[in-house]
>>> print(open('upload05.cif').read())   # mmCIF, C-alpha atoms
data_target
loop_
_atom_site.group_PDB
_atom_site.id
_atom_site.type_symbol
_atom_site.label_atom_id
_atom_site.label_comp_id
_atom_site.auth_asym_id
_atom_site.auth_seq_id
_atom_site.Cartn_x
_atom_site.Cartn_y
_atom_site.Cartn_z
ATOM 1 C CA MET A 29 48.675 53.584 -49.565
ATOM 2 C CA LYS A 30 47.549 51.203 -46.857
ATOM 3 C CA ILE A 31 49.698 48.450 -45.402
ATOM 4 C CA GLU A 32 48.750 44.828 -46.057
ATOM 5 C CA LEU A 33 48.997 42.386 -43.144
ATOM 6 C CA THR A 34 49.256 38.615 -43.116
ATOM 7 C CA THR A 35 46.666 36.626 -41.188
ATOM 8 C CA THR A 36 49.194 35.942 -38.413
ATOM 9 C CA GLU A 37 50.097 39.612 -38.076
ATOM 10 C CA ARG A 38 46.435 40.641 -38.048
ATOM 11 C CA GLN A 39 45.589 38.085 -35.329
ATOM 12 C CA TYR A 40 48.528 39.270 -33.229
ATOM 13 C CA LEU A 41 47.447 42.920 -33.500
ATOM 14 C CA LYS A 42 43.832 42.035 -32.692
ATOM 15 C CA GLY A 43 45.048 40.417 -29.485
ATOM 16 C CA LEU A 44 47.042 43.516 -28.552
ATOM 17 C CA ALA A 45 44.099 45.800 -29.357
ATOM 18 C CA HIS A 46 41.623 43.845 -27.253
ATOM 19 C CA GLY A 47 42.332 45.779 -24.054
ATOM 20 C CA LEU A 48 42.632 49.208 -25.684
ATOM 21 C CA ASN A 49 40.085 51.983 -25.309
ATOM 22 C CA PRO A 50 39.114 54.166 -28.279
ATOM 23 C CA VAL A 51 41.328 57.274 -28.510
ATOM 24 C CA VAL A 52 39.422 59.089 -31.272
ATOM 25 C CA MET A 53 35.683 59.428 -31.843
ATOM 26 C CA ILE A 54 34.148 60.294 -35.193
ATOM 27 C CA GLY A 55 30.924 62.187 -34.561
ATOM 28 C CA SER A 56 28.036 63.421 -36.641
ATOM 29 C CA ASN A 57 30.280 65.666 -38.768
ATOM 30 C CA GLY A 58 31.985 62.585 -40.170
ATOM 31 C CA LEU A 59 35.601 62.319 -41.217
ATOM 32 C CA THR A 60 36.848 65.910 -41.097
ATOM 33 C CA GLU A 61 40.437 67.113 -41.555
ATOM 34 C CA ALA A 62 40.682 67.621 -37.777
ATOM 35 C CA VAL A 63 39.654 64.012 -37.130
ATOM 36 C CA ILE A 64 42.155 62.715 -39.690
ATOM 37 C CA ARG A 65 44.929 64.776 -38.051
ATOM 38 C CA GLU A 66 43.947 63.444 -34.614
ATOM 39 C CA VAL A 67 44.057 59.854 -35.861
ATOM 40 C CA ALA A 68 47.489 60.505 -37.427
ATOM 41 C CA VAL A 69 48.831 61.997 -34.181
ATOM 42 C CA ASN A 70 47.586 59.012 -32.181
ATOM 43 C CA LEU A 71 49.014 56.517 -34.674
ATOM 44 C CA ASP A 72 52.398 58.240 -34.347
ATOM 45 C CA ALA A 73 52.162 58.077 -30.560
ATOM 46 C CA HIS A 74 50.742 54.565 -30.112
ATOM 47 C CA GLU A 75 51.024 52.681 -33.446
ATOM 48 C CA LEU A 76 47.892 50.625 -32.654
ATOM 49 C CA ILE A 77 44.658 52.501 -31.943
ATOM 50 C CA LYS A 78 40.911 52.095 -31.748
ATOM 51 C CA VAL A 79 38.551 54.644 -33.275
ATOM 52 C CA ARG A 80 34.857 54.788 -32.349
ATOM 53 C CA VAL A 81 32.411 55.861 -35.057
ATOM 54 C CA LEU A 82 29.084 57.247 -33.906
ATOM 55 C CA GLY A 83 26.211 56.577 -36.257
ATOM 56 C CA ASP A 84 24.396 53.517 -37.517
ATOM 57 C CA ASP A 85 25.345 53.521 -41.212
ATOM 58 C CA ARG A 86 27.639 50.523 -41.703
ATOM 59 C CA ASP A 87 28.548 51.486 -45.273
ATOM 60 C CA ALA A 88 29.641 54.932 -44.071
ATOM 61 C CA ARG A 89 31.833 53.326 -41.375
ATOM 62 C CA VAL A 90 33.470 51.035 -43.940
ATOM 63 C CA ALA A 91 34.116 54.009 -46.232
ATOM 64 C CA MET A 92 35.680 55.991 -43.352
ATOM 65 C CA TYR A 93 37.824 52.984 -42.398
ATOM 66 C CA GLU A 94 39.154 52.613 -45.943
ATOM 67 C CA GLN A 95 39.713 56.355 -46.304
ATOM 68 C CA LEU A 96 41.681 56.545 -43.034
ATOM 69 C CA CYS A 97 43.871 53.592 -44.026
ATOM 70 C CA ASP A 98 44.516 54.970 -47.521
ATOM 71 C CA GLU A 99 45.228 58.571 -46.488
ATOM 72 C CA LEU A 100 47.362 57.738 -43.446
ATOM 73 C CA GLY A 101 49.196 54.683 -44.791
ATOM 74 C CA ALA A 102 47.793 52.502 -42.027
ATOM 75 C CA ALA A 103 46.850 48.842 -41.937
ATOM 76 C CA PRO A 104 43.231 47.868 -41.335
ATOM 77 C CA VAL A 105 43.315 45.431 -38.429
ATOM 78 C CA GLN A 106 39.683 45.008 -37.456
ATOM 79 C CA HIS A 107 36.252 46.568 -37.971
ATOM 80 C CA ILE A 108 33.843 45.278 -35.373
ATOM 81 C CA GLY A 109 30.587 47.105 -34.801
ATOM 82 C CA LYS A 110 31.322 50.792 -34.379
ATOM 83 C CA LEU A 111 35.012 50.254 -33.558
ATOM 84 C CA LEU A 112 37.826 50.514 -36.075
ATOM 85 C CA VAL A 113 41.297 49.212 -35.229
ATOM 86 C CA LEU A 114 44.237 50.653 -37.180
ATOM 87 C CA TRP A 115 47.985 50.034 -37.040
ATOM 88 C CA ARG A 116 50.849 51.975 -38.523
ATOM 89 C CA PRO A 117 54.496 51.464 -37.534
ATOM 90 C CA SER A 118 56.318 54.500 -36.207
ATOM 91 C CA ASP A 119 60.009 55.377 -36.312
ATOM 92 C CA LYS A 120 60.474 54.046 -32.774
ATOM 93 C CA GLU A 121 58.765 50.720 -33.619
ATOM 94 C CA LYS A 122 56.971 49.917 -30.370
ATOM 95 C CA ILE A 123 55.168 46.853 -31.720
ATOM 96 C CA VAL A 124 57.181 44.097 -33.362
ATOM 97 C CA LEU A 125 55.098 41.857 -35.579
ATOM 98 C CA PRO A 126 55.619 38.084 -35.364
ATOM 99 C CA LYS A 127 57.744 36.429 -38.001
ATOM 100 C CA PRO A 128 55.953 34.102 -40.412
ATOM 101 C CA SER A 129 56.201 30.545 -39.159
ATOM 102 C CA LYS A 130 57.592 27.859 -41.412
ATOM 103 C CA LYS A 131 55.377 24.806 -41.595
ATOM 104 C CA LYS A 132 57.040 21.619 -40.447
ATOM 105 C CA ALA A 133 57.425 18.922 -43.041
ATOM 106 C CA ALA A 134 55.178 15.895 -42.567
ATOM 107 C CA LYS A 135 57.017 12.800 -41.413
#
>>> encode(input="upload05.cif", output="C-alpha cells")
Amino acid sequence: MKIELTTTERQYLKGLAHGLNPVVMIGSNGLTEAVIREVAVNLDAHELIKVRVLGDDRDARVAMYEQLCDELGAAPVQHIGKLLVLWRPSDKEKIVLPKPSKKKAAK
C-alpha cells in the first residue's frame, strides 16, 4: 500500500531530492527481487531516494514506479525522465514533513 502525499509535502520532498544522486539502477533485467530488496534497504537507510531506470520504454518505467511504491509501501514523489524519486518514513524519522498551512481569512 503506497503512501499518499499532499501537494505541499510532495513539493518539499522534491526540493530535498534535487541534490541527491541515484542509489539504485534498474538495468535490462527489469525489476527483479534483488532490485526490490536493494530499494527497500536504501529506503530504510535514507528515507528519500532516487532510482535510475535504464531503457527507453516510458510505460515500463511507470509500471516499475507503481510496483515499487505498492510493494514497499512508499510514496511516489516524482518521475522525471529516467529518474524515480521515492520516500518512505523510517523508524528514526530523518525527514519531517511540513505541516499543512492554514489559509488566512480574507479581511
>>> residues_around(input="upload05.cif", residues="region 67-70 of chain A", least_positions_apart="3", cutoff="10 Å", atoms="only C-alpha atoms", output="list of chain:residue names")
A:Val51, A:Val52, A:Met53, A:Ile54, A:Glu61, A:Ala62, A:Val63, A:Ile64, A:Ala73, A:His74, A:Glu75, A:Leu76, A:Ile77, A:Lys78, A:Val79, A:Leu96, A:Glu99, A:Leu100, A:Gly101, A:Ala102, A:Leu114, A:Arg116
>>> closest_residue(input="upload05.cif", among="A:Gly83, A:Val105, A:Arg65, A:Met92", to="His46 (chain A)", atoms="all atoms listed in the file")
A:Val105
>>> atom_distance(input="upload05.cif", atom1="CA of Gly55 (chain A)", atom2="CA of Ser118 (chain A)")
26.6 Å
>>> closest_residue(input="upload05.cif", among="A:Val81, A:Thr34, A:Trp115, A:Asp98", to="Asn57 (chain A)", atoms="all atoms listed in the file")
A:Val81
>>> residues_around(input="upload05.cif", residues="Pro104 (chain A)", least_positions_apart="4", cutoff="9 Å", atoms="all atoms listed in the file", output="list in words")
Lys30, Ile31, Glu32, Leu33, Arg38, Tyr93, Glu94, Leu96, Cys97, Leu112, Val113, Leu114 and Trp115 of chain A
>>> closest_residue(input="upload05.cif", among="A:Ala88, A:Gln106, A:Gln95, A:Leu111", to="Gly43 (chain A)", atoms="only C-alpha atoms")
A:Gln106
>>> build_atoms(input="upload05.cif", residues="region 60-71 of chain A", atoms="all heavy atoms", output="mmCIF file, in the coordinates of the input")
data_model
loop_
_atom_site.group_PDB
_atom_site.id
_atom_site.type_symbol
_atom_site.label_atom_id
_atom_site.label_comp_id
_atom_site.auth_asym_id
_atom_site.auth_seq_id
_atom_site.Cartn_x
_atom_site.Cartn_y
_atom_site.Cartn_z
ATOM 1 N N THR A 60 36.348 64.574 -40.762
ATOM 2 C CA THR A 60 36.848 65.910 -41.097
ATOM 3 C C THR A 60 38.370 65.901 -41.084
ATOM 4 O O THR A 60 38.996 64.938 -40.635
ATOM 5 C CB THR A 60 36.337 66.944 -40.075
ATOM 6 O OG1 THR A 60 36.872 66.604 -38.774
ATOM 7 C CG2 THR A 60 34.814 66.981 -40.019
ATOM 8 N N GLU A 61 38.973 66.985 -41.568
ATOM 9 C CA GLU A 61 40.437 67.113 -41.555
ATOM 10 C C GLU A 61 40.972 67.042 -40.127
ATOM 11 O O GLU A 61 42.028 66.465 -39.878
ATOM 12 C CB GLU A 61 40.865 68.409 -42.223
ATOM 13 C CG GLU A 61 40.731 68.388 -43.732
ATOM 14 C CD GLU A 61 41.561 67.299 -44.388
ATOM 15 O OE1 GLU A 61 42.735 67.109 -44.015
ATOM 16 O OE2 GLU A 61 41.031 66.620 -45.283
ATOM 17 N N ALA A 62 40.253 67.637 -39.181
ATOM 18 C CA ALA A 62 40.682 67.621 -37.777
ATOM 19 C C ALA A 62 40.699 66.194 -37.233
ATOM 20 O O ALA A 62 41.620 65.811 -36.499
ATOM 21 C CB ALA A 62 39.761 68.503 -36.936
ATOM 22 N N VAL A 63 39.710 65.401 -37.590
ATOM 23 C CA VAL A 63 39.654 64.012 -37.130
ATOM 24 C C VAL A 63 40.801 63.218 -37.747
ATOM 25 O O VAL A 63 41.470 62.436 -37.056
ATOM 26 C CB VAL A 63 38.290 63.380 -37.491
ATOM 27 C CG1 VAL A 63 38.299 61.884 -37.232
ATOM 28 C CG2 VAL A 63 37.168 64.043 -36.709
ATOM 29 N N ILE A 64 41.060 63.426 -39.023
ATOM 30 C CA ILE A 64 42.155 62.715 -39.690
ATOM 31 C C ILE A 64 43.493 63.068 -39.044
ATOM 32 O O ILE A 64 44.325 62.194 -38.796
ATOM 33 C CB ILE A 64 42.158 63.020 -41.205
ATOM 34 C CG1 ILE A 64 40.907 62.423 -41.849
ATOM 35 C CG2 ILE A 64 43.420 62.485 -41.874
ATOM 36 C CD1 ILE A 64 40.697 62.813 -43.281
ATOM 37 N N ARG A 65 43.693 64.363 -38.733
ATOM 38 C CA ARG A 65 44.929 64.776 -38.051
ATOM 39 C C ARG A 65 45.043 64.121 -36.678
ATOM 40 O O ARG A 65 46.126 63.670 -36.287
ATOM 41 C CB ARG A 65 44.964 66.302 -37.888
ATOM 42 C CG ARG A 65 45.530 67.037 -39.068
ATOM 43 C CD ARG A 65 45.877 68.484 -38.739
ATOM 44 N NE ARG A 65 44.799 69.208 -38.068
ATOM 45 C CZ ARG A 65 43.810 69.850 -38.679
ATOM 46 N NH1 ARG A 65 43.748 69.869 -39.995
ATOM 47 N NH2 ARG A 65 42.882 70.487 -37.991
ATOM 48 N N GLU A 66 43.937 64.045 -35.951
ATOM 49 C CA GLU A 66 43.947 63.444 -34.614
ATOM 50 C C GLU A 66 44.281 61.954 -34.690
ATOM 51 O O GLU A 66 45.042 61.435 -33.878
ATOM 52 C CB GLU A 66 42.588 63.652 -33.936
ATOM 53 C CG GLU A 66 42.579 63.356 -32.470
ATOM 54 C CD GLU A 66 43.485 64.254 -31.649
ATOM 55 O OE1 GLU A 66 43.713 65.424 -32.038
ATOM 56 O OE2 GLU A 66 43.984 63.770 -30.606
ATOM 57 N N VAL A 67 43.737 61.271 -35.674
ATOM 58 C CA VAL A 67 44.057 59.854 -35.861
ATOM 59 C C VAL A 67 45.540 59.700 -36.199
ATOM 60 O O VAL A 67 46.219 58.825 -35.648
ATOM 61 C CB VAL A 67 43.167 59.227 -36.969
ATOM 62 C CG1 VAL A 67 43.647 57.831 -37.336
ATOM 63 C CG2 VAL A 67 41.713 59.188 -36.525
ATOM 64 N N ALA A 68 46.072 60.566 -37.054
ATOM 65 C CA ALA A 68 47.489 60.505 -37.427
ATOM 66 C C ALA A 68 48.384 60.736 -36.219
ATOM 67 O O ALA A 68 49.380 60.014 -36.029
ATOM 68 C CB ALA A 68 47.794 61.524 -38.514
ATOM 69 N N VAL A 69 48.040 61.711 -35.388
ATOM 70 C CA VAL A 69 48.831 61.997 -34.181
ATOM 71 C C VAL A 69 48.830 60.789 -33.251
ATOM 72 O O VAL A 69 49.877 60.401 -32.707
ATOM 73 C CB VAL A 69 48.277 63.253 -33.459
ATOM 74 C CG1 VAL A 69 48.818 63.372 -32.052
ATOM 75 C CG2 VAL A 69 48.579 64.503 -34.253
ATOM 76 N N ASN A 70 47.672 60.171 -33.069
ATOM 77 C CA ASN A 70 47.586 59.012 -32.181
ATOM 78 C C ASN A 70 48.280 57.793 -32.752
ATOM 79 O O ASN A 70 48.856 57.008 -31.998
ATOM 80 C CB ASN A 70 46.118 58.713 -31.849
ATOM 81 C CG ASN A 70 45.601 59.616 -30.762
ATOM 82 O OD1 ASN A 70 45.930 59.431 -29.597
ATOM 83 N ND2 ASN A 70 44.838 60.618 -31.132
ATOM 84 N N LEU A 71 48.256 57.618 -34.076
ATOM 85 C CA LEU A 71 49.014 56.517 -34.674
ATOM 86 C C LEU A 71 50.506 56.716 -34.465
ATOM 87 O O LEU A 71 51.234 55.750 -34.197
ATOM 88 C CB LEU A 71 48.700 56.408 -36.174
ATOM 89 C CG LEU A 71 47.408 55.705 -36.545
ATOM 90 C CD1 LEU A 71 47.115 55.875 -38.028
ATOM 91 C CD2 LEU A 71 47.451 54.232 -36.188
#
